[in-house]
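Shown here: coords.cif, mmCIF, C-alpha atoms.
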```
data_entry
#
loop_
_atom_site.label_atom_id
_atom_site.label_comp_id
_atom_site.auth_asym_id
_atom_site.auth_seq_id
_atom_site.Cartn_x
_atom_site.Cartn_y
_atom_site.Cartn_z
CA MET A 81 -1.46 -2.32 -13.83
CA ALA A 82 1.50 -4.45 -14.74
CA ARG A 83 2.05 -6.11 -18.11
CA TRP A 84 -0.20 -9.12 -18.33
CA GLU A 85 2.57 -11.52 -19.38
CA GLU A 86 4.67 -10.51 -16.37
CA LEU A 87 1.97 -11.29 -13.83
CA PRO A 88 2.24 -14.68 -12.13
CA ASP A 89 -0.40 -17.26 -12.97
CA TYR A 90 -2.29 -16.79 -9.70
CA GLU A 91 -2.55 -13.04 -10.33
CA GLN A 92 -3.72 -13.51 -13.93
CA THR A 93 -6.40 -15.94 -12.75
CA TYR A 94 -7.52 -13.54 -10.06
CA LEU A 95 -7.69 -10.50 -12.34
CA ALA A 96 -9.31 -12.36 -15.24
CA GLY A 97 -12.18 -13.32 -12.97
CA MET A 98 -12.89 -9.81 -11.74
CA LYS A 99 -16.20 -8.32 -12.74
CA LEU A 100 -15.78 -5.06 -14.61
CA PRO A 101 -18.15 -2.15 -14.01
CA GLU A 102 -20.59 -1.17 -16.73
CA PHE A 103 -21.25 2.47 -17.56
CA LYS A 104 -24.57 3.61 -18.96
CA GLU A 105 -23.16 6.81 -20.35
CA ILE A 106 -19.78 8.35 -21.09
CA PRO A 107 -19.60 11.91 -19.80
CA TRP A 108 -17.08 14.17 -21.52
CA THR A 109 -15.92 17.62 -20.52
CA PRO A 110 -13.03 19.28 -22.36
CA ALA A 111 -10.33 20.26 -19.89
CA LYS A 112 -9.01 23.79 -19.47
CA PRO A 113 -5.53 24.40 -20.88
CA LEU A 114 -2.99 22.82 -18.55
CA ALA A 115 -1.18 26.09 -17.94
CA GLU A 116 -4.42 27.52 -16.55
CA SER A 117 -5.55 24.43 -14.61
CA ARG A 118 -5.53 23.99 -10.88
CA ILE A 119 -4.91 20.30 -10.25
CA ALA A 120 -5.55 17.91 -7.36
CA LEU A 121 -4.45 14.30 -6.90
CA ILE A 122 -6.71 11.53 -5.63
CA SER A 123 -5.03 8.27 -4.66
CA THR A 124 -6.63 4.92 -3.86
CA ALA A 125 -3.55 3.67 -2.01
CA GLY A 126 -5.09 3.91 1.46
CA ILE A 127 -2.58 6.54 2.58
CA GLU A 128 -3.19 8.82 5.53
CA ARG A 129 -1.36 11.13 7.90
CA LYS A 130 -0.16 9.50 11.11
CA SER A 131 -2.49 11.70 13.12
CA ASP A 132 -5.51 10.56 11.08
CA LYS A 133 -7.82 7.76 12.11
CA PRO A 134 -6.80 4.74 10.01
CA TYR A 135 -9.38 3.66 7.44
CA PRO A 136 -11.97 1.41 9.05
CA PHE A 137 -12.04 -2.03 7.41
CA PHE A 138 -13.67 -1.76 3.97
CA SER A 139 -14.53 1.88 4.53
CA GLY A 140 -15.41 4.22 1.68
CA GLU A 141 -14.11 7.18 3.67
CA TYR A 142 -11.42 9.47 2.31
CA ARG A 143 -8.50 11.19 3.97
CA MET A 144 -7.22 14.69 3.23
CA ILE A 145 -3.56 15.27 2.33
CA PRO A 146 -2.33 18.88 2.49
CA THR A 147 -0.24 19.85 -0.51
CA ASP A 148 2.70 20.74 1.76
CA VAL A 149 2.45 17.55 3.84
CA ASP A 150 5.69 16.30 5.34
CA PRO A 151 6.37 13.00 3.50
CA GLY A 152 7.40 11.57 6.86
CA ASP A 153 3.87 12.09 8.08
CA LEU A 154 2.31 9.73 5.53
CA VAL A 155 1.61 6.05 6.18
CA MET A 156 -0.33 3.41 4.25
CA SER A 157 -3.03 1.23 5.82
CA HIS A 158 -4.57 -0.26 2.67
CA LEU A 159 -6.21 -3.60 3.43
CA SER A 160 -4.75 -5.58 0.54
CA PRO A 161 -1.45 -7.42 1.05
CA ASN A 162 -1.16 -7.96 -2.71
CA PHE A 163 0.72 -4.94 -3.99
CA ASP A 164 4.17 -3.51 -3.46
CA ARG A 165 4.88 -1.30 -0.44
CA THR A 166 8.63 -0.95 -0.87
CA GLY A 167 8.29 1.75 -3.52
CA PHE A 168 6.14 3.96 -1.27
CA GLN A 169 8.50 3.34 1.63
CA GLN A 170 11.38 4.69 -0.44
CA ASP A 171 9.58 7.59 -2.09
CA ILE A 172 5.96 8.74 -1.74
CA ASN A 173 6.06 10.22 -5.24
CA VAL A 174 5.87 6.76 -6.81
CA VAL A 175 2.32 6.60 -5.39
CA ILE A 176 1.23 10.23 -5.07
CA PRO A 177 3.54 12.54 -7.04
CA LEU A 178 3.21 15.69 -4.96
CA GLU A 179 6.79 16.85 -5.53
CA ARG A 180 6.59 16.20 -9.28
CA LEU A 181 3.37 18.17 -9.57
CA ARG A 182 4.92 21.03 -7.60
CA GLU A 183 7.83 21.11 -10.04
CA LEU A 184 5.43 21.32 -12.97
CA GLU A 185 3.67 24.19 -11.22
CA GLU A 186 6.99 26.03 -10.79
CA GLU A 187 7.80 25.44 -14.47
CA GLY A 188 4.44 26.79 -15.53
CA VAL A 189 3.37 23.51 -17.13
CA ILE A 190 0.24 23.52 -14.95
CA GLY A 191 -1.51 26.54 -13.52
CA SER A 192 -1.32 25.56 -9.86
CA MET A 193 -1.53 22.72 -7.36
CA ALA A 194 -4.58 22.37 -5.18
CA ARG A 195 -4.12 23.12 -1.49
CA PHE A 196 -5.50 19.70 -0.62
CA HIS A 197 -5.33 16.25 -2.18
CA TYR A 198 -7.23 13.13 -1.12
CA ALA A 199 -6.94 9.38 -0.69
CA PHE A 200 -9.34 6.46 -0.51
CA MET A 201 -8.75 2.84 0.48
CA GLY A 202 -9.17 1.24 -2.92
CA GLY A 203 -10.21 -2.18 -1.62
CA SER A 204 -13.63 -0.83 -0.68
CA ARG A 205 -16.72 -1.12 -2.83
CA PRO A 206 -17.34 1.86 -5.14
CA GLU A 207 -20.86 2.15 -3.72
CA ASP A 208 -19.37 2.64 -0.26
CA MET A 209 -17.15 5.45 -1.56
CA GLU A 210 -19.93 7.14 -3.52
CA PRO A 211 -21.75 8.72 -0.52
CA HIS A 212 -18.57 10.65 0.25
CA VAL A 213 -18.13 11.99 -3.25
CA PRO A 214 -20.56 14.96 -3.12
CA GLU A 215 -18.76 16.21 -0.01
CA LEU A 216 -15.42 15.75 -1.72
CA ALA A 217 -16.65 17.56 -4.83
CA LYS A 218 -17.62 20.57 -2.68
CA LEU A 219 -14.18 20.60 -1.09
CA LEU A 220 -12.52 20.48 -4.52
CA ARG A 221 -14.74 23.31 -5.78
CA GLY A 222 -13.93 25.33 -2.66
CA ASP A 223 -10.26 24.84 -3.52
CA GLU A 224 -11.06 26.07 -7.08
CA VAL A 225 -9.78 22.80 -8.56
CA ASP A 226 -10.28 22.41 -12.32
CA THR A 227 -8.86 18.94 -12.82
CA VAL A 228 -8.37 15.85 -10.70
CA LEU A 229 -5.82 13.17 -11.50
CA LEU A 230 -6.92 9.76 -10.26
CA CYS A 231 -3.92 7.73 -9.14
CA PRO A 232 -4.94 4.08 -8.60
CA VAL A 233 -2.44 1.87 -6.88
CA MET B 293 -3.86 5.82 -18.85
CA TRP B 294 -2.52 2.29 -18.64
CA VAL B 295 0.98 1.90 -17.25
CA PRO B 296 3.08 -1.28 -17.29
CA PHE B 297 4.44 -0.97 -13.77
CA GLU B 298 4.34 -3.27 -10.80
CA LEU B 299 1.16 -2.96 -8.76
CA GLY B 300 1.75 -0.42 -6.00
CA ARG B 301 3.96 1.83 -8.12
CA PRO B 302 1.66 3.84 -10.41
CA PHE B 303 4.41 6.37 -11.21
CA GLY B 304 6.95 3.69 -12.03
CA ALA B 305 10.10 3.98 -9.97
CA PRO B 306 10.93 5.38 -6.52
CA ASN B 307 13.65 8.02 -6.30
CA ASN B 308 13.58 8.60 -10.04
CA PRO B 309 12.09 12.09 -10.48
CA GLU B 310 12.81 12.22 -14.20
CA PHE B 311 10.89 9.04 -14.92
CA GLN B 312 8.03 9.97 -12.59
CA THR B 313 7.73 13.31 -14.39
CA ARG B 314 7.53 11.56 -17.78
CA VAL B 315 4.63 9.46 -16.51
CA LEU B 316 2.91 12.48 -15.01
CA LYS B 317 3.33 14.55 -18.18
CA ALA B 318 1.96 11.68 -20.27
CA LEU B 319 -1.06 11.55 -17.99
CA LEU B 320 -1.55 15.30 -18.20
CA SER B 321 -1.33 15.17 -21.98
CA THR B 322 -4.51 13.08 -22.08
CA LEU B 323 -6.33 16.19 -20.86
CA GLU B 324 -5.52 17.94 -24.12
CA ALA B 325 -7.75 15.64 -26.16
CA GLU B 326 -10.72 17.34 -27.79
CA ASN B 327 -12.89 14.24 -27.79
CA GLY B 328 -13.24 11.32 -25.48
CA PRO B 329 -13.14 8.89 -23.88
CA VAL B 330 -9.38 8.74 -23.97
CA LEU B 331 -7.58 5.48 -23.44
CA ALA B 332 -3.82 5.89 -23.56
CA ASP B 333 -0.91 3.52 -23.00
CA PHE B 334 2.36 4.49 -21.36
CA ASP B 335 4.47 1.79 -22.90
CA GLU B 336 7.86 2.47 -21.34
CA ASP B 337 8.93 0.04 -18.62
CA ALA B 338 10.17 1.38 -15.30
CA PRO B 339 13.92 1.39 -14.87
CA VAL B 340 15.16 -1.60 -12.90
CA SER B 341 18.36 -2.39 -11.07
CA SER B 342 21.19 -4.03 -13.00
CA ALA B 343 20.78 -7.28 -11.03
CA ALA B 344 17.09 -7.47 -11.78
CA SER B 345 17.58 -6.57 -15.44
CA ASP B 346 20.09 -9.40 -15.77
CA GLY B 347 17.44 -11.74 -14.51
CA ASP B 348 19.72 -12.67 -11.63
CA GLU B 349 17.32 -12.53 -8.75
CA SER B 350 19.68 -14.54 -6.58
CA ALA B 351 22.21 -11.71 -6.56
CA TRP B 352 20.60 -10.05 -3.58
CA ALA B 353 20.47 -11.49 -0.11
CA CYS B 354 19.94 -9.91 3.29
CA PRO B 355 23.49 -9.51 4.64
CA ILE B 356 22.34 -10.00 8.23
CA GLU B 357 22.32 -13.61 9.33
CA LEU B 358 19.31 -13.82 11.56
CA LYS B 359 20.12 -15.77 14.70
CA ALA B 360 16.78 -17.38 15.32
CA PRO B 361 15.64 -19.91 12.74
CA PRO B 362 12.01 -19.56 11.65
CA PRO B 363 10.03 -21.31 14.37
CA GLN B 364 8.03 -24.41 13.70
CA ALA B 365 4.33 -24.03 13.14
CA ASP B 366 3.49 -25.68 16.43
CA GLY B 367 5.83 -23.49 18.46
CA ASP B 368 5.02 -22.16 21.90
CA ALA B 369 3.76 -18.54 21.89
CA SER B 370 6.23 -17.33 24.49
CA VAL B 371 9.12 -18.95 22.61
CA LEU B 372 7.95 -17.35 19.38
CA GLU B 373 7.64 -13.95 21.06
CA HIS B 374 11.19 -14.22 22.37
CA ALA B 375 12.47 -15.23 18.92
CA LEU B 376 10.66 -12.34 17.25
CA LEU B 377 11.93 -9.78 19.76
CA GLN B 378 15.45 -11.14 19.32
CA GLU B 379 15.17 -10.75 15.55
CA ILE B 380 13.86 -7.22 15.92
CA GLY B 381 16.88 -6.46 18.12
CA GLN B 382 19.18 -7.66 15.35
CA LEU B 383 17.55 -5.48 12.75
CA ARG B 384 16.98 -2.39 14.92
CA PRO B 385 20.26 -0.60 14.00
CA TRP B 386 19.26 -0.83 10.33
CA TYR B 387 15.77 0.47 10.98
CA GLU B 388 17.21 3.43 12.91
CA LEU B 389 19.66 4.07 10.08
CA SER B 390 16.76 3.98 7.60
CA VAL B 391 14.87 6.62 9.58
CA GLU B 392 18.01 8.74 9.84
CA GLN B 393 18.79 8.50 6.12
CA ARG B 394 15.28 9.13 4.85
CA SER B 395 14.07 11.37 7.66
CA ARG B 396 10.85 9.42 7.54
CA THR B 397 9.24 6.07 8.26
CA THR B 398 6.01 4.52 7.12
CA VAL B 399 5.72 2.69 10.44
CA GLY B 400 3.03 4.29 12.55
CA VAL B 401 -0.36 2.90 11.59
CA SER B 402 -0.60 1.17 14.96
CA SER B 403 -0.45 3.01 18.28
CA LEU B 404 2.01 0.42 19.62
CA ASP B 405 5.78 0.51 19.25
CA ILE B 406 7.46 -2.32 17.34
CA GLU B 407 8.01 -4.49 20.42
CA GLY B 408 4.39 -3.92 21.44
CA ASN B 409 3.24 -4.96 18.00
CA ALA B 410 5.42 -8.08 18.17
CA ARG B 411 3.95 -9.04 21.55
CA TYR B 412 0.39 -8.34 20.43
CA ILE B 413 0.75 -10.47 17.30
CA THR B 414 2.40 -13.45 18.97
CA ALA B 415 -0.18 -13.41 21.79
CA PHE B 416 -2.75 -14.58 19.22
CA LEU B 417 -0.76 -17.81 18.97
CA GLY B 418 -1.40 -18.53 22.65
CA ASP B 419 -4.40 -19.99 24.40
CA VAL B 420 -6.10 -16.67 25.17
CA TRP B 421 -6.26 -13.93 22.58
CA PRO B 422 -5.24 -10.48 23.82
CA ASP B 423 -7.59 -7.54 24.19
CA SER B 424 -7.28 -4.73 21.71
CA PRO B 425 -4.67 -2.21 22.84
CA ALA B 426 -7.07 0.65 22.10
CA GLU B 427 -10.64 1.11 23.32
CA ASP B 428 -11.88 2.31 19.95
CA LEU B 429 -10.31 -0.54 17.94
CA SER B 430 -11.54 -4.10 17.60
CA GLN B 431 -9.09 -6.98 18.13
CA SER B 432 -9.00 -7.71 14.43
CA VAL B 433 -8.38 -4.14 13.28
CA ALA B 434 -5.66 -3.70 15.88
CA LEU B 435 -4.11 -6.96 14.67
CA LYS B 436 -4.14 -5.77 11.06
CA HIS B 437 -2.49 -2.48 12.07
CA ALA B 438 0.15 -4.33 14.08
CA PHE B 439 0.83 -6.52 11.04
CA GLU B 440 1.15 -3.48 8.74
CA ASP B 441 3.69 -1.85 11.06
CA LEU B 442 5.72 -5.02 11.60
CA ARG B 443 6.02 -5.62 7.86
CA ALA B 444 6.89 -1.98 7.13
CA TRP B 445 9.50 -2.01 9.92
CA TYR B 446 11.19 -5.08 8.43
CA PHE B 447 11.07 -3.76 4.86
CA GLU B 448 12.57 -0.43 5.86
CA SER B 449 15.25 -2.17 7.95
CA VAL B 450 16.43 -4.44 5.18
CA MET B 451 16.35 -1.68 2.55
CA ALA B 452 18.80 0.36 4.66
CA GLN B 453 21.47 -2.34 4.48
CA PRO B 454 24.39 -2.30 2.04
CA GLY B 455 23.42 -3.80 -1.29
CA GLN B 456 19.76 -2.86 -1.00
CA ALA B 457 19.93 -0.84 -4.22
CA THR B 458 19.87 -4.06 -6.23
CA ALA B 459 16.94 -5.59 -4.35
CA THR B 460 13.64 -5.94 -6.13
CA SER B 461 10.40 -5.75 -4.23
CA LYS B 462 9.92 -9.47 -4.89
CA GLN B 463 13.25 -10.28 -3.26
CA ILE B 464 12.36 -8.25 -0.20
CA VAL B 465 8.92 -9.84 0.03
CA ASP B 466 10.38 -13.33 -0.39
CA TRP B 467 12.97 -12.62 2.29
CA PHE B 468 10.34 -11.36 4.72
CA TRP B 469 7.91 -14.23 4.26
CA HIS B 470 10.36 -17.11 3.93
CA GLU B 471 13.55 -16.20 5.79
CA THR B 472 12.47 -14.30 8.89
CA THR B 473 10.89 -15.33 12.15
CA ALA B 474 8.35 -12.57 11.64
CA GLY B 475 7.19 -14.08 8.35
CA ALA B 476 6.97 -17.55 9.87
CA ILE B 477 4.96 -16.24 12.82
CA LEU B 478 2.56 -14.40 10.52
CA GLN B 479 2.04 -17.56 8.48
CA GLN B 480 1.24 -19.37 11.70
CA LEU B 481 -1.09 -16.55 12.72
CA ASP B 482 -2.88 -16.92 9.39
CA LYS B 483 -3.45 -20.60 10.16
CA VAL B 484 -4.74 -19.84 13.67
CA CYS B 485 -7.16 -17.24 12.35
CA ARG B 486 -8.43 -19.58 9.62
CA GLU B 487 -9.19 -22.25 12.21
CA SER B 488 -10.87 -19.90 14.67
CA ASP B 489 -14.60 -19.48 15.20
CA ASP B 490 -14.34 -15.73 14.73
CA GLU B 491 -15.81 -14.70 11.37
CA VAL B 492 -13.76 -11.50 11.08
CA MET B 493 -10.53 -13.27 11.99
CA GLN B 494 -11.30 -15.95 9.40
CA HIS B 495 -11.75 -13.23 6.82
CA LEU B 496 -8.56 -11.50 7.92
CA ALA B 497 -6.72 -14.73 7.26
CA GLY B 498 -8.48 -15.39 3.98
CA TYR B 499 -7.78 -12.05 2.36
CA LEU B 500 -5.83 -9.55 4.38
CA LEU B 501 -2.70 -11.05 5.91
CA LEU B 502 -0.78 -13.23 3.49
CA PRO B 503 -0.29 -12.09 -0.10
CA ARG B 504 -1.33 -14.40 -2.90
CA ALA B 505 2.38 -14.70 -3.68
CA VAL B 506 2.71 -16.66 -0.44
CA THR B 507 -0.56 -18.55 -0.30
CA GLY B 508 -0.79 -19.31 -4.01
CA SER B 509 -4.52 -18.95 -3.50
CA VAL B 510 -6.29 -17.70 -6.59
CA GLY B 511 -9.98 -18.43 -6.32
CA ASP B 512 -11.94 -17.49 -9.39
CA GLY B 513 -11.12 -13.81 -9.22
CA SER B 514 -14.32 -12.94 -7.46
CA ASP B 515 -12.64 -12.81 -4.07
CA GLY B 516 -11.77 -9.13 -4.36
CA ARG B 517 -15.44 -8.38 -4.65
CA ALA B 518 -16.31 -10.90 -1.95
CA ASN B 519 -13.71 -9.24 0.21
CA ALA B 520 -15.30 -5.82 -0.15
CA GLU B 521 -18.81 -7.24 0.18
CA PHE B 522 -17.78 -8.74 3.49
CA GLY B 523 -17.21 -5.27 4.84
CA ALA B 524 -20.57 -3.90 3.79
CA ASN B 525 -22.92 -3.15 6.66
CA ARG B 526 -20.48 -4.40 9.26
CA SER B 527 -18.98 -2.44 12.07
CA PHE B 528 -15.44 -3.26 13.04
CA GLY B 529 -15.32 -0.93 15.97
CA VAL B 530 -13.15 1.74 14.41
#
```

Can you give me the file's structure in the form of C-alpha cells?
Amino acid sequence: MARWEELPDYEQTYLAGMKLPEFKEIPWTPAKPLAESRIALISTAGIERKSDKPYPFFSGEYRMIPTDVDPGDLVMSHLSPNFDRTGFQQDINVVIPLERLRELEEEGVIGSMARFHYAFMGGSRPEDMEPHVPELAKLLRGDEVDTVLLCPV
Amino acid sequence: MWVPFELGRPFGAPNNPEFQTRVLKALLSTLEAENGPVLADFDEDAPVSSAASDGDESAWACPIELKAPPPQADGDASVLEHALLQEIGQLRPWYELSVEQRSRTTVGVSSLDIEGNARYITAFLGDVWPDSPAEDLSQSVALKHAFEDLRAWYFESVMAQPGQATATSKQIVDWFWHETTAGAILQQLDKVCRESDDEVMQHLAGYLLLPRAVTGSVGDGSDGRANAEFGANRSFGV
C-alpha cells in the first residue's frame, strides 16, 4: 500500500470506495521464537511457474512455489493491470523474498524456511479462495510450518 | 504491517537486498508481540533513483527511436500487425540482452512466442476474431495471456537499454502506453472489446487490459468487487 498522498486522484477514489471486510472475532496465537520457527511465504501476486497452468480468470486456486525455485521459472499472470510489474521483472524478491528469507535462515535469525511456498491471484474473491485453504493448511502442516508471512501485492 | 511502497513492490525496491531485509525483519518482529492484533507501520520510503528523487521525470526517455508511429485508431489490422512486428524487431536485441543479463524472463504466460502473441492480438482488430491458440483456453483468456507477455516483453526490453537505471515504473508504463505501437494497438483493442457483443470481452476491456492510469476511469471504488463478482460461477474454459 502506497502513501495515500502519493496516490493519484483516480486511485484514491477507487480505494476509498472499496468495501472493507468485517471480522466477528480476532484470533490470537503467540508465535514461537523466530529462531525456532519454520516459515513459509504466501503471495497474492498471481505468480506461478512457467510449467503451471495459469490461474483461471477470477480463480481462488493457489500455486505451489518450491523454496529452491529457479527465479527464471516464475511468471506473473495476475488479472489486474493496476500495479507495477517492473519491480518483479527485475528481482522476484521485491514480491516474494525467497533469497532474503534464506539468508535469515543461514544467519540463524529464523529456524528454517519451508520447503514450499504458495501464491494466490489476489484479484479473486476471498470466498473463492477459502475452499482451498483447508488443503493448503494440511500442506503447511505436512511441511511442519510454524508461521506464514502473507505478502500482498 | 503497512508499507509505503508502490503497489506491486511489497518489499520496497528491486535489487536492493539490504532494504528488502530491513522490511522482512520488521515484518518478522511483529511476531514477537505478546498480545494482538498487531498493526505496525514501516515508515521508511523505498530508495529511488537520483532522477526520480529530483522530481525530474523527464530525464528518462527510451533511447530507441521507434520507426513506426503509433497507428491511428481506425487502422487496418494487417497494417497494424506489420507495424507491431516491425517494432518488436527493433526492440528484440534489447530483449535478448535482458534475458542474457538476468538469466531470466517473466515472458512465458502464453504458449505463443512474441510474434505469435502480436499476431493473435492484432487479429482481434480485424473482421473475424481468431480462434484460441490452445484447445483448453477460451479466446478471452488466451488474449489476456498474450497481452501479459507482450507487455512484459516490452518492459524487459526497455529496461535493458542504457540509462534504464534512472527509469521509474511510471516512466516505463507511460512509454509503453503512449509511445509504442503496441500500446496504441492495445488501446484500440480495448475499444473493440468494449463495443463487442461478447460479455467476457467487454469485461476484459472494462477491468483487465488498460490500467486506470491510462483510462482515468475511477468508478466509485466498487469495481474491484464487481470485477471479482463477475468471475463467480463462470467458466472461462481454463

Next on the checklist: Evaluated on this file, the PyMOL selection byres ((chain A) within 8 of (chain B)) picks out some residues - which ones are they, written as a VMD selection string?
Outcome noted: chain A and resid 81 to 83 90 to 91 93 to 99 106 108 110 to 111 113 to 114 125 130 134 136 to 139 151 to 157 159 to 177 180 to 181 203 to 205 208 231 to 233

Next on the checklist: Once the PyMOL selection byres ((chain B and resi 413) around 10) is applied to the coordinates I shared, what remains selected? I want it as a list in words.
Outcome noted: Ala369, Glu373, Glu407, Gly408, Asn409, Ala410, Arg411, Tyr412, Thr414, Ala415, Phe416, Leu417, Gly418, Trp421, Pro422, Ala434, Leu435, Lys436, Ala438, Phe439, Leu442, Ala474, Ile477, Leu478 and Leu481 of chain B

May I have the selected residues written with C-alpha atoms, as an mmCIF file, in the frame of the given file?
```cif
data_model
loop_
_atom_site.group_PDB
_atom_site.id
_atom_site.type_symbol
_atom_site.label_atom_id
_atom_site.label_comp_id
_atom_site.auth_asym_id
_atom_site.auth_seq_id
_atom_site.Cartn_x
_atom_site.Cartn_y
_atom_site.Cartn_z
ATOM 1 C CA ALA B 369 3.760 -18.540 21.890
ATOM 2 C CA GLU B 373 7.640 -13.950 21.060
ATOM 3 C CA GLU B 407 8.010 -4.490 20.420
ATOM 4 C CA GLY B 408 4.390 -3.920 21.440
ATOM 5 C CA ASN B 409 3.240 -4.960 18.000
ATOM 6 C CA ALA B 410 5.420 -8.080 18.170
ATOM 7 C CA ARG B 411 3.950 -9.040 21.550
ATOM 8 C CA TYR B 412 0.390 -8.340 20.430
ATOM 9 C CA THR B 414 2.400 -13.450 18.970
ATOM 10 C CA ALA B 415 -0.180 -13.410 21.790
ATOM 11 C CA PHE B 416 -2.750 -14.580 19.220
ATOM 12 C CA LEU B 417 -0.760 -17.810 18.970
ATOM 13 C CA GLY B 418 -1.400 -18.530 22.650
ATOM 14 C CA TRP B 421 -6.260 -13.930 22.580
ATOM 15 C CA PRO B 422 -5.240 -10.480 23.820
ATOM 16 C CA ALA B 434 -5.660 -3.700 15.880
ATOM 17 C CA LEU B 435 -4.110 -6.960 14.670
ATOM 18 C CA LYS B 436 -4.140 -5.770 11.060
ATOM 19 C CA ALA B 438 0.150 -4.330 14.080
ATOM 20 C CA PHE B 439 0.830 -6.520 11.040
ATOM 21 C CA LEU B 442 5.720 -5.020 11.600
ATOM 22 C CA ALA B 474 8.350 -12.570 11.640
ATOM 23 C CA ILE B 477 4.960 -16.240 12.820
ATOM 24 C CA LEU B 478 2.560 -14.400 10.520
ATOM 25 C CA LEU B 481 -1.090 -16.550 12.720
#
```

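Note that the spacing between CA of Glu388 in chain B and CA of Ile127 in chain A amounts to 22.5 Å.
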
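Comparing the minimum interatomic distances between Val189 in chain A and each of A:Ala120, A:Leu100, A:Ala115, A:Met201, counting all atoms listed in the file, we find that A:Ala115 sits nearest.
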
Item to check | Answer key for the PyMOL selection byres ((chain B and resi 450) around 10), residues as a ChimeraX atom specification | outcome: /B:353-356,383-384,386-387,390,445-449,451-456,459,464,467-468

Selected residues, C-alpha atoms, written as a compact mmCIF listing (two decimals), in the frame of the given file, please.
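Result file is result11.txt:
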```txt
# COMPACT_ATOMS: atom_id res chain seq x y z
CA ALA B 353 20.47 -11.49 -0.11
CA CYS B 354 19.94 -9.91 3.29
CA PRO B 355 23.49 -9.51 4.64
CA ILE B 356 22.34 -10.00 8.23
CA LEU B 383 17.55 -5.48 12.75
CA ARG B 384 16.98 -2.39 14.92
CA TRP B 386 19.26 -0.83 10.33
CA TYR B 387 15.77 0.47 10.98
CA SER B 390 16.76 3.98 7.60
CA TRP B 445 9.50 -2.01 9.92
CA TYR B 446 11.19 -5.08 8.43
CA PHE B 447 11.07 -3.76 4.86
CA GLU B 448 12.57 -0.43 5.86
CA SER B 449 15.25 -2.17 7.95
CA MET B 451 16.35 -1.68 2.55
CA ALA B 452 18.80 0.36 4.66
CA GLN B 453 21.47 -2.34 4.48
CA PRO B 454 24.39 -2.30 2.04
CA GLY B 455 23.42 -3.80 -1.29
CA GLN B 456 19.76 -2.86 -1.00
CA ALA B 459 16.94 -5.59 -4.35
CA ILE B 464 12.36 -8.25 -0.20
CA TRP B 467 12.97 -12.62 2.29
CA PHE B 468 10.34 -11.36 4.72
```

Checklist entry - Taking (-14.4, 11.2, 0.6) in the file's coordinates, which residues come within 9 Å, counting all atoms listed in the file, written as a list in words? => result Gly140, Glu141, Tyr142, Arg143, Met144, Tyr198, Ala199, Phe200, Met209, Glu210, Pro211, His212, Val213, Pro214, Glu215, Leu216 and Ala217 of chain A

With N, CA, C and O atoms as the target, complete range 135-145 of chain A and hand it back as a CSV table (one decimal), in the coordinates of the input.
```csv
chain,number,residue,atom,x,y,z
A,135,TYR,N,-8.1,4.0,8.1
A,135,TYR,CA,-9.4,3.7,7.4
A,135,TYR,C,-10.0,2.5,8.2
A,135,TYR,O,-9.4,1.5,8.4
A,136,PRO,N,-11.3,2.6,8.5
A,136,PRO,CA,-12.0,1.4,9.0
A,136,PRO,C,-12.0,0.3,8.0
A,136,PRO,O,-11.9,0.6,6.8
A,137,PHE,N,-12.0,-0.9,8.4
A,137,PHE,CA,-12.0,-2.0,7.4
A,137,PHE,C,-13.1,-1.7,6.4
A,137,PHE,O,-14.3,-1.5,6.7
A,138,PHE,N,-12.7,-1.8,5.1
A,138,PHE,CA,-13.7,-1.8,4.0
A,138,PHE,C,-14.4,-0.4,3.9
A,138,PHE,O,-15.5,-0.3,3.3
A,139,SER,N,-13.9,0.6,4.5
A,139,SER,CA,-14.5,1.9,4.5
A,139,SER,C,-14.4,2.6,3.2
A,139,SER,O,-13.4,2.5,2.5
A,140,GLY,N,-15.5,3.4,2.9
A,140,GLY,CA,-15.4,4.2,1.7
A,140,GLY,C,-15.0,5.6,2.0
A,140,GLY,O,-15.1,6.5,1.2
A,141,GLU,N,-14.5,5.8,3.2
A,141,GLU,CA,-14.1,7.2,3.7
A,141,GLU,C,-12.9,7.6,2.9
A,141,GLU,O,-12.1,6.8,2.4
A,142,TYR,N,-12.7,8.9,2.9
A,142,TYR,CA,-11.4,9.5,2.3
A,142,TYR,C,-10.6,10.2,3.4
A,142,TYR,O,-11.1,10.5,4.5
A,143,ARG,N,-9.4,10.4,3.1
A,143,ARG,CA,-8.5,11.2,4.0
A,143,ARG,C,-7.9,12.4,3.2
A,143,ARG,O,-7.6,12.2,2.0
A,144,MET,N,-7.8,13.5,3.9
A,144,MET,CA,-7.2,14.7,3.2
A,144,MET,C,-5.7,14.7,3.4
A,144,MET,O,-5.2,14.4,4.4
A,145,ILE,N,-5.0,15.2,2.3
A,145,ILE,CA,-3.6,15.3,2.3
A,145,ILE,C,-3.2,16.7,1.9
A,145,ILE,O,-3.3,17.1,0.7
```
